[in-house]
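Trainee: Sharing final_32.pdb here; it has PDB, C-alpha atoms, pLDDT in the B column.
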```pdb
ATOM      1  CA  MET H 225     117.336  93.306  84.760  1.00 63.00           C
ATOM      2  CA  PHE H 226     115.822  90.987  87.334  1.00 70.00           C
ATOM      3  CA  VAL H 227     115.623  87.213  87.319  1.00 76.00           C
ATOM      4  CA  TYR H 228     112.598  85.713  89.044  1.00 77.00           C
ATOM      5  CA  GLU H 229     112.653  82.214  90.477  1.00 77.00           C
ATOM      6  CA  LYS H 230     109.127  80.870  90.713  1.00 82.00           C
ATOM      7  CA  LYS H 231     109.450  79.747  94.321  1.00 81.00           C
ATOM      8  CA  LEU H 232     109.523  81.461  97.665  1.00 82.00           C
ATOM      9  CA  GLN H 233     112.875  82.039  99.312  1.00 80.00           C
ATOM     10  CA  TYR H 234     111.446  80.288 102.389  1.00 82.00           C
ATOM     11  CA  PRO H 235     108.453  77.965 102.010  1.00 86.00           C
ATOM     12  CA  VAL H 236     105.235  79.121 103.676  1.00 89.00           C
ATOM     13  CA  ARG H 237     102.809  76.350 104.584  1.00 91.00           C
ATOM     14  CA  ILE H 238     100.090  77.486 106.955  1.00 92.00           C
ATOM     15  CA  LYS H 239      97.223  75.063 107.451  1.00 90.00           C
ATOM     16  CA  ASN H 240      95.016  76.894 109.977  1.00 91.00           C
ATOM     17  CA  CYS H 241      93.173  80.135 109.355  1.00 89.00           C
ATOM     18  CA  ASN H 242      93.961  82.984 111.696  1.00 91.00           C
ATOM     19  CA  PRO H 243      92.401  86.283 110.607  1.00 88.00           C
ATOM     20  CA  LYS H 244      93.549  88.138 113.740  1.00 86.00           C
ATOM     21  CA  LEU H 245      97.160  87.292 112.963  1.00 91.00           C
ATOM     22  CA  ALA H 246      96.638  88.185 109.283  1.00 90.00           C
ATOM     23  CA  ALA H 247      95.227  91.580 110.301  1.00 86.00           C
ATOM     24  CA  VAL H 248      98.509  92.347 112.070  1.00 88.00           C
ATOM     25  CA  ILE H 249     100.845  90.816 109.473  1.00 92.00           C
ATOM     26  CA  ILE H 250      99.188  92.816 106.672  1.00 91.00           C
ATOM     27  CA  SER H 251     101.043  95.870 108.010  1.00 92.00           C
ATOM     28  CA  GLN H 252     104.345  94.177 107.179  1.00 94.00           C
ATOM     29  CA  TYR H 253     103.029  93.872 103.619  1.00 94.00           C
ATOM     30  CA  GLY H 254     101.720  97.380 103.027  1.00 93.00           C
ATOM     31  CA  GLY H 255     102.164  99.281 106.274  1.00 91.00           C
ATOM     32  CA  PRO H 256     104.279 102.397 106.769  1.00 88.00           C
ATOM     33  CA  ASP H 257     107.479 100.363 107.207  1.00 87.00           C
ATOM     34  CA  GLY H 258     106.376  97.290 105.283  1.00 92.00           C
ATOM     35  CA  GLU H 259     107.959  95.448 102.397  1.00 94.00           C
ATOM     36  CA  LEU H 260     106.133  97.307  99.610  1.00 95.00           C
ATOM     37  CA  GLY H 261     107.449 100.673 100.765  1.00 94.00           C
ATOM     38  CA  ALA H 262     110.904  99.250 101.435  1.00 93.00           C
ATOM     39  CA  SER H 263     111.241  97.786  97.947  1.00 95.00           C
ATOM     40  CA  LEU H 264     110.078 100.978  96.247  1.00 95.00           C
ATOM     41  CA  ARG H 265     112.223 103.129  98.539  1.00 94.00           C
ATOM     42  CA  TYR H 266     115.463 101.328  97.670  1.00 94.00           C
ATOM     43  CA  LEU H 267     114.643 100.963  93.973  1.00 95.00           C
ATOM     44  CA  SER H 268     113.840 104.693  93.734  1.00 94.00           C
ATOM     45  CA  GLN H 269     116.754 105.958  95.822  1.00 94.00           C
ATOM     46  CA  ARG H 270     119.307 104.147  93.682  1.00 94.00           C
ATOM     47  CA  TYR H 271     119.016 106.742  90.905  1.00 94.00           C
ATOM     48  CA  ALA H 272     120.591 109.500  93.015  1.00 93.00           C
ATOM     49  CA  MET H 273     123.447 107.295  94.248  1.00 93.00           C
ATOM     50  CA  PRO H 274     126.683 108.571  92.661  1.00 94.00           C
ATOM     51  CA  TYR H 275     128.683 105.370  93.324  1.00 94.00           C
ATOM     52  CA  PRO H 276     127.978 102.470  90.933  1.00 94.00           C
ATOM     53  CA  GLU H 277     128.751  99.813  93.563  1.00 95.00           C
ATOM     54  CA  LEU H 278     126.286 101.351  96.012  1.00 93.00           C
ATOM     55  CA  LYS H 279     123.695 101.889  93.275  1.00 94.00           C
ATOM     56  CA  GLY H 280     123.958  98.156  92.591  1.00 95.00           C
ATOM     57  CA  LEU H 281     123.642  97.425  96.309  1.00 93.00           C
ATOM     58  CA  LEU H 282     120.443  99.504  96.561  1.00 94.00           C
ATOM     59  CA  THR H 283     119.087  97.597  93.550  1.00 94.00           C
ATOM     60  CA  ASP H 284     119.950  94.279  95.188  1.00 94.00           C
ATOM     61  CA  ILE H 285     118.298  95.309  98.462  1.00 93.00           C
ATOM     62  CA  GLY H 286     115.190  96.563  96.649  1.00 94.00           C
ATOM     63  CA  THR H 287     114.756  93.288  94.780  1.00 93.00           C
ATOM     64  CA  GLU H 288     115.343  91.336  98.008  1.00 92.00           C
ATOM     65  CA  GLU H 289     112.531  93.368  99.587  1.00 93.00           C
ATOM     66  CA  LEU H 290     110.258  92.301  96.703  1.00 93.00           C
ATOM     67  CA  GLY H 291     110.976  88.697  97.708  1.00 92.00           C
ATOM     68  CA  HIS H 292     109.989  89.557 101.269  1.00 92.00           C
ATOM     69  CA  LEU H 293     106.791  91.147  99.941  1.00 94.00           C
ATOM     70  CA  GLU H 294     105.947  87.883  98.207  1.00 93.00           C
ATOM     71  CA  MET H 295     106.511  85.831 101.368  1.00 94.00           C
ATOM     72  CA  VAL H 296     104.431  88.170 103.557  1.00 95.00           C
ATOM     73  CA  GLY H 297     101.638  88.206 100.964  1.00 95.00           C
ATOM     74  CA  THR H 298     101.672  84.407 100.952  1.00 95.00           C
ATOM     75  CA  LEU H 299     101.407  84.398 104.758  1.00 94.00           C
ATOM     76  CA  VAL H 300      98.371  86.703 104.725  1.00 93.00           C
ATOM     77  CA  HIS H 301      96.700  84.732 101.954  1.00 93.00           C
ATOM     78  CA  GLN H 302      97.200  81.391 103.678  1.00 94.00           C
ATOM     79  CA  LEU H 303      95.939  82.788 106.999  1.00 93.00           C
ATOM     80  CA  THR H 304      92.718  84.039 105.367  1.00 90.00           C
ATOM     81  CA  ARG H 305      91.977  81.817 102.369  1.00 90.00           C
ATOM     82  CA  ASN H 306      89.414  79.510 104.000  1.00 88.00           C
ATOM     83  CA  LEU H 307      87.742  81.754 106.553  1.00 87.00           C
ATOM     84  CA  SER H 308      84.150  81.168 107.504  1.00 86.00           C
ATOM     85  CA  GLU H 309      81.760  84.096 107.664  1.00 85.00           C
ATOM     86  CA  GLU H 310      81.803  83.788 111.457  1.00 87.00           C
ATOM     87  CA  GLN H 311      85.622  83.997 111.589  1.00 86.00           C
ATOM     88  CA  ILE H 312      85.632  87.022 109.308  1.00 84.00           C
ATOM     89  CA  LYS H 313      83.183  88.884 111.555  1.00 84.00           C
ATOM     90  CA  THR H 314      84.650  87.941 114.945  1.00 85.00           C
ATOM     91  CA  ALA H 315      88.179  88.894 113.844  1.00 82.00           C
ATOM     92  CA  GLY H 316      87.044  92.307 112.624  1.00 80.00           C
ATOM     93  CA  PHE H 317      88.181  91.424 109.123  1.00 79.00           C
ATOM     94  CA  ASP H 318      84.725  91.991 107.616  1.00 82.00           C
ATOM     95  CA  THR H 319      85.408  95.516 106.304  1.00 82.00           C
ATOM     96  CA  TYR H 320      88.533  94.246 104.534  1.00 83.00           C
ATOM     97  CA  PHE H 321      86.612  91.330 102.981  1.00 82.00           C
ATOM     98  CA  VAL H 322      83.909  93.615 101.619  1.00 82.00           C
ATOM     99  CA  ASP H 323      86.470  95.159  99.256  1.00 85.00           C
ATOM    100  CA  HIS H 324      89.195  92.541  98.845  1.00 85.00           C
ATOM    101  CA  THR H 325      87.828  89.090  99.831  1.00 82.00           C
ATOM    102  CA  THR H 326      90.892  86.796  99.868  1.00 82.00           C
ATOM    103  CA  GLY H 327      93.031  89.189  97.825  1.00 88.00           C
ATOM    104  CA  VAL H 328      96.092  90.606  99.573  1.00 92.00           C
ATOM    105  CA  TYR H 329      95.784  94.394  99.582  1.00 90.00           C
ATOM    106  CA  PRO H 330      98.629  96.629 100.809  1.00 93.00           C
ATOM    107  CA  GLN H 331      97.416  98.368 103.932  1.00 91.00           C
ATOM    108  CA  PHE H 332      98.351  99.241 107.485  1.00 90.00           C
ATOM    109  CA  ALA H 333      97.087  97.062 110.349  1.00 87.00           C
ATOM    110  CA  SER H 334      94.640  99.910 111.070  1.00 87.00           C
ATOM    111  CA  GLY H 335      93.084  99.456 107.619  1.00 86.00           C
ATOM    112  CA  TYR H 336      94.606 102.605 106.090  1.00 89.00           C
ATOM    113  CA  PRO H 337      95.746 101.841 102.516  1.00 91.00           C
ATOM    114  CA  TRP H 338      99.434 101.947 101.594  1.00 93.00           C
ATOM    115  CA  SER H 339     100.586 105.318 100.374  1.00 92.00           C
ATOM    116  CA  ALA H 340     103.817 106.575  98.875  1.00 91.00           C
ATOM    117  CA  SER H 341     103.623 109.370 101.448  1.00 88.00           C
ATOM    118  CA  THR H 342     105.012 106.911 104.009  1.00 85.00           C
ATOM    119  CA  MET H 343     108.380 106.687 102.245  1.00 85.00           C
ATOM    120  CA  GLN H 344     111.002 109.242 101.306  1.00 84.00           C
ATOM    121  CA  VAL H 345     113.268 109.714  98.324  1.00 89.00           C
ATOM    122  CA  THR H 346     115.095 113.032  98.633  1.00 90.00           C
ATOM    123  CA  GLY H 347     118.053 112.672  96.294  1.00 91.00           C
ATOM    124  CA  ASP H 348     120.299 113.408  99.292  1.00 93.00           C
ATOM    125  CA  ILE H 349     122.051 110.067  99.761  1.00 90.00           C
ATOM    126  CA  ILE H 350     122.799 110.642 103.460  1.00 92.00           C
ATOM    127  CA  ALA H 351     119.176 111.582 104.205  1.00 91.00           C
ATOM    128  CA  ASP H 352     117.888 108.655 102.140  1.00 89.00           C
ATOM    129  CA  LEU H 353     120.172 106.077 103.760  1.00 89.00           C
ATOM    130  CA  THR H 354     119.293 107.434 107.223  1.00 90.00           C
ATOM    131  CA  GLU H 355     115.601 107.036 106.390  1.00 86.00           C
ATOM    132  CA  ASP H 356     116.282 103.485 105.182  1.00 87.00           C
ATOM    133  CA  LEU H 357     117.942 102.635 108.492  1.00 87.00           C
ATOM    134  CA  ALA H 358     115.050 104.140 110.452  1.00 85.00           C
ATOM    135  CA  ALA H 359     112.402 102.282 108.429  1.00 81.00           C
ATOM    136  CA  ASP H 360     114.203  98.935 108.565  1.00 77.00           C
ATOM    137  CA  GLY H 361     114.939  99.377 112.267  1.00 74.00           C
ATOM    138  CA  ALA H 362     111.265 100.037 113.011  1.00 62.00           C
ATOM    139  CA  MET H 363     110.361  96.448 112.150  1.00 54.00           C
ATOM    140  CA  VAL H 364     112.991  94.791 114.373  1.00 49.00           C
TER     141      VAL H 364
END
```
So that I can check it, write out the structure of this file as structure tokens.
Mentor:
Amino acid sequence: MFVYEKKLQYPVRIKNCNPKLAAVIISQYGGPDGELGASLRYLSQRYAMPYPELKGLLTDIGTEELGHLEMVGTLVHQLTRNLSEEQIKTAGFDTYFVDHTTGVYPQFASGYPWSASTMQVTGDIIADLTEDLAADGAMV
């Protein structure tokens, strides 16, 4: 069971629009090594973990990643919520806005939508943990 506190772990208060920055940050939301994939990866891999303490740890990490997803989504929303039509076009964000307007949609910086094919859950705990390390290390 999860307990949800209705506040961000770290407050996000962005006053100025910046669609170019949002177009890059969106990859941390739904990109190949972003928070959406990370949360689902850990929460799915926990089922094959034979050690209860480590199963609990994977659950804790997965829920922590959901908190990160919320913060990154808030960043993208605040960077794009008051864009003018001119800003949308000059930043190259117009194709995104056609489909999603100010909604936060999980996608790569290139515009490719998030896909479960970017994450792995093999049932082999060594392979899964190695993949976790590689994915988390890619964002450092």
Trainee: Which of these, H:Glu355, H:Asp323, H:Glu309, H:Asp348, has the shortest distance to Pro243 in chain H once you count all atoms listed in the file?
Mentor: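 Checking each candidate against Pro243 in chain H, we get H:Glu309 as the closest.
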Trainee: Which one of H:Glu294, H:Glu229, H:Asp284, H:Asp356 sits closest to Gln252 in chain H if you count only C-alpha atoms?
Mentor: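 Going through H:Glu294, H:Glu229, H:Asp284, H:Asp356 one by one, the smallest distance to Gln252 in chain H is for H:Glu294.
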Trainee: Tell me which protein, DNA and RNA residues are within 12 Å of Val322 in chain H, counting only C-alpha atoms, leaving out same-chain ones fewer than 5 positions away, and put them as number ranges by chain.
Mentor: H: 309, 312-313, 316-317, 327
Trainee: Within 9 Å of Leu290 in chain H, counting all atoms listed in the file, which residues show up once you throw out same-chain ones fewer than 2 positions away? Write them as an MDAnalysis selection string, please.
Mentor: chainID H and resid 259:260 262:264 285:288 292:295
Trainee: CA of Thr304 in chain H to CA of Ala340 in chain H: how many Å, to one decimal?
Mentor: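 CA of Ala340 in chain H lies 25.9 Å from CA of Thr304 in chain H.
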Trainee: Measuring atom to atom with all atoms listed in the file, identify which of H:Phe226, H:Tyr320, H:Phe332, H:Tyr275 is nearest to Gly261 in chain H.
Mentor: H:Phe332
Trainee: Adding 6 Å on each side of the box along x, y and z that holds all listed atoms of range 330-345 of chain H, could you give its centre and edge lengths in Å to one decimal, as lines of an AutoDock Vina configuration file?
Mentor:
```
center_x = 103.2
center_y = 103.2
center_z = 104.7
size_x = 32.2
size_y = 25.1
size_z = 24.7
```
Trainee: Select, from H:Leu307, H:Ser334, H:His324, H:Ala351, the residue with the minimum atom-to-atom distance to Ser251 in chain H, counting only C-alpha atoms.
Mentor: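 The closest residue to Ser251 in chain H is H:Ser334.
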Trainee: I want to know what sits within 6 Å of Val300 in chain H, based on all atoms listed in the file, with residues of the same chain fewer than 3 positions away left out; could you give that as a count of residues only?
Mentor: 3
Trainee: Counting all atoms listed in the file, what is within 10 Å of Ala359 in chain H, bar same-chain residues fewer than 4 positions away, as number ranges by chain?
Mentor: H: 256-258, 261-262, 265, 342-343, 353-355, 363-364
Trainee: Quick one, how far is CA of Asn242 in chain H from CA of Lys230 in chain H?
Mentor: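 About the pair CA of Asn242 in chain H and CA of Lys230 in chain H: they are 26.0 Å apart.
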Trainee: Between H:Leu282, H:Lys244, H:Gln331, H:Thr325, single out the one closest to Asn306 in chain H, counting only C-alpha atoms.
Mentor: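 Counting only C-alpha atoms, the residue closest to Asn306 in chain H is H:Thr325.
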Trainee: CA of Arg305 in chain H to CA of Val236 in chain H: how many Å, to one decimal?
Mentor: 13.6 Å
Trainee: Under the rule that all atoms listed in the file are counted, which of H:Glu277, H:Asp360, H:Ala272, H:Cys241 is the nearest residue to Gln302 in chain H?
Mentor: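 Closest to Gln302 in chain H, using all atoms listed in the file: H:Cys241.
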Trainee: Taking (98.8, 96.9, 112.4) in the file's own coordinates, collect the residues within 8 Å, counting all atoms listed in the file, and hand them back as a PyMOL selection string.
Mentor: chain H and resi 247-251+255+332-335
Trainee: Give me the result of the PyMOL selection byres ((chain H and resi 330) around 6) on this file, residue by residue, as a list in words.
Mentor: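 Those residues are Tyr253, Gly254, Tyr329, Gln331 and Trp338 of chain H.
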Trainee: Regenerate range 298-333 of chain H at the level of N, CA and C atoms and dump it as a compact mmCIF listing (two decimals), keeping the file's coordinate frame.
Mentor:
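Result saved to rebuild32.txt:
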```
# COMPACT_ATOMS: atom_id res chain seq x y z
N THR H 298 102.03 85.83 100.86
CA THR H 298 101.67 84.41 100.95
C THR H 298 101.18 84.07 102.35
N LEU H 299 101.85 84.61 103.37
CA LEU H 299 101.41 84.40 104.76
C LEU H 299 99.98 84.89 104.96
N VAL H 300 99.71 86.12 104.54
CA VAL H 300 98.37 86.70 104.72
C VAL H 300 97.33 85.89 103.96
N HIS H 301 97.65 85.52 102.74
CA HIS H 301 96.70 84.73 101.95
C HIS H 301 96.39 83.39 102.62
N GLN H 302 97.43 82.70 103.07
CA GLN H 302 97.20 81.39 103.68
C GLN H 302 96.47 81.50 105.01
N LEU H 303 96.64 82.60 105.72
CA LEU H 303 95.94 82.79 107.00
C LEU H 303 94.47 83.13 106.81
N THR H 304 94.10 83.58 105.60
CA THR H 304 92.72 84.04 105.37
C THR H 304 91.96 83.29 104.27
N ARG H 305 92.59 82.38 103.57
CA ARG H 305 91.98 81.82 102.37
C ARG H 305 90.73 80.98 102.61
N ASN H 306 90.58 80.38 103.76
CA ASN H 306 89.41 79.51 104.00
C ASN H 306 88.58 79.97 105.19
N LEU H 307 88.49 81.25 105.39
CA LEU H 307 87.74 81.75 106.55
C LEU H 307 86.24 81.54 106.40
N SER H 308 85.62 81.23 107.50
CA SER H 308 84.15 81.17 107.50
C SER H 308 83.63 82.59 107.72
N GLU H 309 82.37 82.78 107.45
CA GLU H 309 81.76 84.10 107.66
C GLU H 309 81.86 84.50 109.14
N GLU H 310 81.69 83.54 110.01
CA GLU H 310 81.80 83.79 111.46
C GLU H 310 83.21 84.27 111.83
N GLN H 311 84.24 83.59 111.30
CA GLN H 311 85.62 84.00 111.59
C GLN H 311 85.92 85.40 111.06
N ILE H 312 85.41 85.70 109.90
CA ILE H 312 85.63 87.02 109.31
C ILE H 312 85.06 88.10 110.22
N LYS H 313 83.84 87.89 110.70
CA LYS H 313 83.18 88.88 111.56
C LYS H 313 83.84 89.00 112.92
N THR H 314 84.11 87.88 113.58
CA THR H 314 84.65 87.94 114.94
C THR H 314 86.07 88.50 114.98
N ALA H 315 86.81 88.36 113.89
CA ALA H 315 88.18 88.89 113.84
C ALA H 315 88.21 90.36 113.44
N GLY H 316 87.06 90.92 113.07
CA GLY H 316 87.04 92.31 112.62
C GLY H 316 87.61 92.48 111.22
N PHE H 317 87.63 91.41 110.47
CA PHE H 317 88.18 91.42 109.12
C PHE H 317 87.09 91.67 108.09
N ASP H 318 85.85 91.88 108.54
CA ASP H 318 84.72 91.99 107.62
C ASP H 318 84.82 93.20 106.70
N THR H 319 85.30 94.34 107.18
CA THR H 319 85.41 95.52 106.30
C THR H 319 86.45 95.30 105.21
N TYR H 320 87.51 94.58 105.53
CA TYR H 320 88.53 94.25 104.53
C TYR H 320 87.93 93.34 103.47
N PHE H 321 87.17 92.31 103.90
CA PHE H 321 86.61 91.33 102.98
C PHE H 321 85.54 91.92 102.07
N VAL H 322 84.89 92.98 102.49
CA VAL H 322 83.91 93.62 101.62
C VAL H 322 84.57 94.06 100.32
N ASP H 323 85.78 94.62 100.43
CA ASP H 323 86.47 95.16 99.26
C ASP H 323 87.46 94.20 98.60
N HIS H 324 88.07 93.31 99.37
CA HIS H 324 89.20 92.54 98.84
C HIS H 324 89.03 91.02 98.91
N THR H 325 88.02 90.52 99.57
CA THR H 325 87.83 89.09 99.83
C THR H 325 89.17 88.46 100.21
N THR H 326 89.63 87.44 99.49
CA THR H 326 90.89 86.80 99.87
C THR H 326 92.10 87.39 99.13
N GLY H 327 91.90 88.50 98.44
CA GLY H 327 93.03 89.19 97.82
C GLY H 327 93.90 89.82 98.91
N VAL H 328 95.17 89.99 98.61
CA VAL H 328 96.09 90.61 99.57
C VAL H 328 96.30 92.05 99.12
N TYR H 329 95.77 92.97 99.91
CA TYR H 329 95.78 94.39 99.58
C TYR H 329 96.77 95.10 100.50
N PRO H 330 97.64 95.96 99.96
CA PRO H 330 98.63 96.63 100.81
C PRO H 330 97.99 97.70 101.69
N GLN H 331 97.99 97.42 102.99
CA GLN H 331 97.42 98.37 103.93
C GLN H 331 98.09 98.24 105.29
N PHE H 332 97.87 99.25 106.11
CA PHE H 332 98.35 99.24 107.48
C PHE H 332 97.46 98.29 108.30
N ALA H 333 97.91 97.89 109.46
CA ALA H 333 97.09 97.06 110.35
C ALA H 333 95.80 97.79 110.72
```
